[in-house]
>>> print(open('target10.csv').read())   # CSV, C-alpha atoms and all ligand atoms
chain,number,residue,atom,x,y,z
A,216,MET,CA,33.5,116.5,13.3
A,217,ASN,CA,35.2,114.9,16.3
A,218,PRO,CA,34.8,117.4,19.2
A,219,GLN,CA,37.9,116.3,21.1
A,220,PRO,CA,40.6,118.1,19.0
A,221,ALA,CA,38.4,121.3,18.9
A,222,THR,CA,38.2,121.2,22.7
A,223,LEU,CA,41.9,121.0,23.0
A,224,TYR,CA,42.4,123.7,20.5
A,225,GLN,CA,40.2,125.9,22.5
A,226,SER,CA,41.9,125.1,25.7
A,227,LYS,CA,45.3,126.0,24.2
A,228,LEU,CA,43.8,129.4,23.1
A,229,ILE,CA,42.5,130.0,26.6
A,230,PHE,CA,45.9,129.4,28.1
A,231,GLY,CA,47.5,131.7,25.6
A,232,ALA,CA,49.6,129.1,23.6
A,233,HIS,CA,49.9,129.4,19.9
A,234,HIS,CA,47.7,126.8,18.2
A,235,ASP,CA,50.4,124.9,16.4
A,236,CYS,CA,52.6,124.6,19.5
A,237,PRO,CA,52.7,120.9,20.5
A,238,LEU,CA,51.2,119.8,23.8
A,239,ILE,CA,53.3,118.2,26.4
A,240,VAL,CA,51.9,114.7,27.2
A,241,VAL,CA,53.6,112.7,29.9
A,242,CYS,CA,53.9,108.9,29.2
A,243,PRO,CA,51.8,106.7,31.5
A,244,HIS,CA,54.5,104.0,31.4
A,245,CYS,CA,57.9,105.7,31.7
A,246,HIS,CA,56.6,109.2,32.7
A,247,ALA,CA,58.8,110.9,30.0
A,248,ALA,CA,57.4,114.2,28.6
A,249,ASN,CA,56.5,113.9,24.9
A,250,ARG,CA,55.6,116.8,22.6
A,251,VAL,CA,52.5,115.9,20.6
A,252,PRO,CA,50.8,118.2,18.0
A,253,ALA,CA,47.3,119.0,19.4
A,254,GLU,CA,45.7,117.8,16.1
A,255,ARG,CA,47.4,114.5,16.4
A,256,LEU,CA,46.3,113.8,20.0
A,257,ALA,CA,43.0,112.2,19.1
A,258,GLY,CA,45.0,109.5,17.2
A,259,GLY,CA,46.8,108.5,20.4
A,260,GLY,CA,50.5,108.2,19.6
A,261,THR,CA,53.4,106.4,21.2
A,262,CYS,CA,56.1,107.5,23.7
A,263,GLY,CA,59.4,108.6,22.0
A,264,LYS,CA,61.3,107.0,24.9
A,265,CYS,CA,59.6,103.7,25.7
A,266,LYS,CA,57.4,103.3,22.6
A,267,GLY,CA,54.4,102.6,24.8
A,268,ALA,CA,50.9,104.0,23.9
A,269,LEU,CA,50.5,107.5,25.3
A,270,PHE,CA,46.8,106.7,26.0
A,271,ALA,CA,45.8,103.3,27.2
A,272,GLY,CA,42.2,104.0,28.1
A,273,LYS,CA,42.8,103.4,31.8
A,274,PRO,CA,44.1,105.3,34.8
A,275,VAL,CA,47.9,105.4,35.6
A,276,GLU,CA,49.1,104.5,39.1
A,277,LEU,CA,51.3,107.3,40.4
A,278,ASP,CA,53.9,107.7,43.2
A,279,GLN,CA,55.4,111.0,44.3
A,280,ALA,CA,57.9,111.3,41.4
A,281,SER,CA,55.5,110.3,38.7
A,282,PHE,CA,52.8,112.4,40.2
A,283,ASP,CA,55.0,115.5,39.9
A,284,ALA,CA,55.8,114.6,36.3
A,285,HIS,CA,52.1,114.3,35.4
A,286,ALA,CA,50.8,117.2,37.5
A,287,GLY,CA,53.6,119.6,36.8
A,288,ARG,CA,54.9,118.9,33.3
A,289,SER,CA,51.9,117.8,31.3
A,290,ASP,CA,49.6,120.2,29.4
A,291,LEU,CA,46.7,117.8,30.1
A,292,PRO,CA,44.5,118.3,33.2
A,293,LEU,CA,45.2,115.5,35.6
A,294,VAL,CA,42.2,113.8,37.3
A,295,VAL,CA,43.4,111.9,40.4
A,296,ASP,CA,41.5,109.3,42.4
A,297,PHE,CA,42.9,109.3,45.9
A,298,TRP,CA,41.9,105.8,47.2
A,299,ALA,CA,43.0,102.9,49.5
A,300,PRO,CA,42.6,99.2,49.2
A,301,TRP,CA,40.8,98.9,52.5
A,302,CYS,CA,38.1,101.4,51.5
A,303,GLY,CA,34.9,99.8,50.2
A,304,PRO,CA,33.5,102.8,48.4
A,305,CYS,CA,36.9,103.3,46.7
A,306,ARG,CA,36.9,99.7,45.4
A,307,MET,CA,33.3,100.2,44.2
A,308,MET,CA,34.2,103.3,42.3
A,309,ALA,CA,37.3,101.8,40.6
A,310,PRO,CA,35.4,100.4,37.5
A,311,ALA,CA,33.6,103.8,37.1
A,312,PHE,CA,36.9,105.7,37.2
A,313,SER,CA,38.4,103.3,34.6
A,314,GLN,CA,35.3,103.8,32.4
A,315,ALA,CA,35.7,107.6,32.8
A,316,ALA,CA,39.3,107.3,31.6
A,317,LYS,CA,38.1,105.9,28.3
A,318,SER,CA,35.7,108.8,27.8
A,319,LEU,CA,38.1,111.6,29.0
A,320,GLU,CA,41.3,110.6,27.2
A,321,PRO,CA,43.1,112.1,25.4
A,322,ASN,CA,41.9,115.5,26.7
A,323,PHE,CA,42.6,114.5,30.3
A,324,ARG,CA,45.0,112.1,32.1
A,325,LEU,CA,43.3,110.0,34.8
A,326,ALA,CA,45.5,108.7,37.6
A,327,LYS,CA,45.2,106.8,40.9
A,328,VAL,CA,47.1,107.5,44.1
A,329,ASN,CA,47.0,104.7,46.7
A,330,THR,CA,47.0,106.8,49.9
A,331,GLU,CA,48.1,103.8,52.0
A,332,ILE,CA,51.4,103.6,50.1
A,333,GLU,CA,51.7,107.2,49.0
A,334,GLN,CA,51.1,108.8,52.4
A,335,GLY,CA,53.3,111.7,51.5
A,336,LEU,CA,51.0,112.7,48.7
A,337,ALA,CA,47.9,112.3,50.8
A,338,ALA,CA,49.4,114.5,53.5
A,339,ARG,CA,50.7,117.1,50.9
A,340,PHE,CA,47.1,117.5,49.6
A,341,GLY,CA,45.4,117.2,52.9
A,342,ILE,CA,43.3,114.2,51.8
A,343,ARG,CA,40.9,113.6,54.8
A,344,SER,CA,38.4,111.2,53.3
A,345,ILE,CA,38.5,108.7,50.5
A,346,PRO,CA,37.7,108.4,47.8
A,347,THR,CA,38.5,112.0,46.9
A,348,ILE,CA,38.9,113.0,43.2
A,349,ALA,CA,41.0,116.1,42.5
A,350,ILE,CA,41.9,117.9,39.2
A,351,PHE,CA,45.3,119.4,38.7
A,352,ARG,CA,46.3,121.7,35.9
A,353,ASN,CA,49.7,123.2,35.4
A,354,GLY,CA,50.8,122.0,38.8
A,355,HIS,CA,47.9,123.5,40.7
A,356,GLU,CA,44.8,121.8,42.1
A,357,ILE,CA,41.7,123.4,40.5
A,358,ALA,CA,38.9,121.3,42.0
A,359,ARG,CA,38.2,118.4,44.3
A,360,GLN,CA,35.2,116.3,45.2
A,361,ALA,CA,35.0,113.8,48.1
A,362,GLY,CA,32.8,110.7,47.8
A,363,ALA,CA,32.2,108.1,45.2
A,364,MET,CA,30.9,109.1,41.8
A,365,ASP,CA,29.6,107.0,38.9
A,366,ALA,CA,31.4,107.2,35.5
A,367,LYS,CA,29.0,109.7,34.0
A,368,SER,CA,29.3,112.0,36.9
A,369,ILE,CA,33.1,111.9,36.9
A,370,VAL,CA,33.2,112.7,33.2
A,371,SER,CA,30.7,115.6,33.4
A,372,TRP,CA,32.4,117.0,36.6
A,373,ALA,CA,35.9,116.9,35.1
A,374,ARG,CA,34.6,118.7,31.9
A,375,MET,CA,32.7,121.3,33.9
A,376,GLN,CA,35.7,122.1,36.1
A,377,THR,CA,37.9,122.7,33.1
A,378,ASN,CA,35.3,124.3,30.8
A,379,SER,CA,35.9,121.6,28.2
A,401,ZN,ZN,57.2,106.1,27.8
>>> encode(input="target10.csv", output="structure tokens")
Amino acid sequence: MNPQPATLYQSKLIFGAHHDCPLIVVCPHCHAANRVPAERLAGGGTCGKCKGALFAGKPVELDQASFDAHAGRSDLPLVVDFWAPWCGPCRMMAPAFSQAAKSLEPNFRLAKVNTEIEQGLAARFGIRSIPTIAIFRNGHEIARQAGAMDAKSIVSWARMQTNS
């Protein structure tokens, strides 16, 4: 049995939703909210608006507007890498974060925020050192970790923070 749909099913139960309610998944390309039946999530799916793949196996780059769509509207936990191009450890961690996206999708959405461009987001969340990885669920930050991590650590940390 594939453990991913079971994990999602459990997380819906924990959050009090009926099991056949669809999950809201925000498109990584056009940032439209899509309703996807939980049992169909493992198969991926395409966006009803732009027809792009809902899961591309890589992090999505976010600005303020798309950040709010993914953090506030999606039912998936959002794992965000706050980084900057001038930061050596950030660049070193980038392949690990992409690798983690392949493991954590479709139960999580992984995203990157370039703090040099998106200074408003960095200020809003009080990002003081980079890289910082934070997890958002239903619009709220539930955990953060400063410092570079390898792919395996990112995956296990994200699952531990969300009990999934
Ligand atoms: Zn789309």
>>> residues_around(input="target10.csv", residues="Ala309 (chain A)", least_positions_apart="5", cutoff="10 Å", atoms="only C-alpha atoms", output="count of residues only")
12
>>> closest_atom_pairs(input="target10.csv", of="chain A", to="ligand ZN 401 (chain A)", cutoff="9 Å", atoms="all atoms listed in the file", output="tab-separated table")
residue	atom	partner	partner_atom	distance
A:Val241	CA	A:ZN401	ZN	7.8
A:Cys242	CA	A:ZN401	ZN	4.5
A:Pro243	CA	A:ZN401	ZN	6.6
A:His244	CA	A:ZN401	ZN	5.0
A:Cys245	CA	A:ZN401	ZN	4.0
A:His246	CA	A:ZN401	ZN	5.8
A:Ala247	CA	A:ZN401	ZN	5.5
A:Ala248	CA	A:ZN401	ZN	8.1
A:Asn249	CA	A:ZN401	ZN	8.4
A:Thr261	CA	A:ZN401	ZN	7.6
A:Cys262	CA	A:ZN401	ZN	4.5
A:Gly263	CA	A:ZN401	ZN	6.7
A:Lys264	CA	A:ZN401	ZN	5.1
A:Cys265	CA	A:ZN401	ZN	4.0
A:Lys266	CA	A:ZN401	ZN	5.9
A:Gly267	CA	A:ZN401	ZN	5.4
A:Ala268	CA	A:ZN401	ZN	7.7
A:Leu269	CA	A:ZN401	ZN	7.3
>>> atom_distance(input="target10.csv", atom1="CA of Met307 (chain A)", atom2="CA of Ile342 (chain A)")
18.8 Å
>>> closest_residue(input="target10.csv", among="A:Ala286, A:Ile348, A:Ala280, A:Leu291", to="Ile239 (chain A)", atoms="only C-alpha atoms")
A:Leu291
>>> residues_near_point(input="target10.csv", point="(42.6, 115.1, 25.3)", cutoff="7 Å", atoms="all atoms listed in the file", output="number ranges by chain")
A: 219, 223, 256-257, 291, 319-323
>>> atom_distance(input="target10.csv", atom1="CA of Asp290 (chain A)", atom2="CA of Gly341 (chain A)")
24.1 Å
>>> atom_distance(input="target10.csv", atom1="CA of Gly259 (chain A)", atom2="CA of Thr347 (chain A)")
28.0 Å
>>> residues_around(input="target10.csv", residues="Ser344 (chain A)", least_positions_apart="5", cutoff="9 Å", atoms="only C-alpha atoms", output="number ranges by chain")
A: 297-298, 361-362
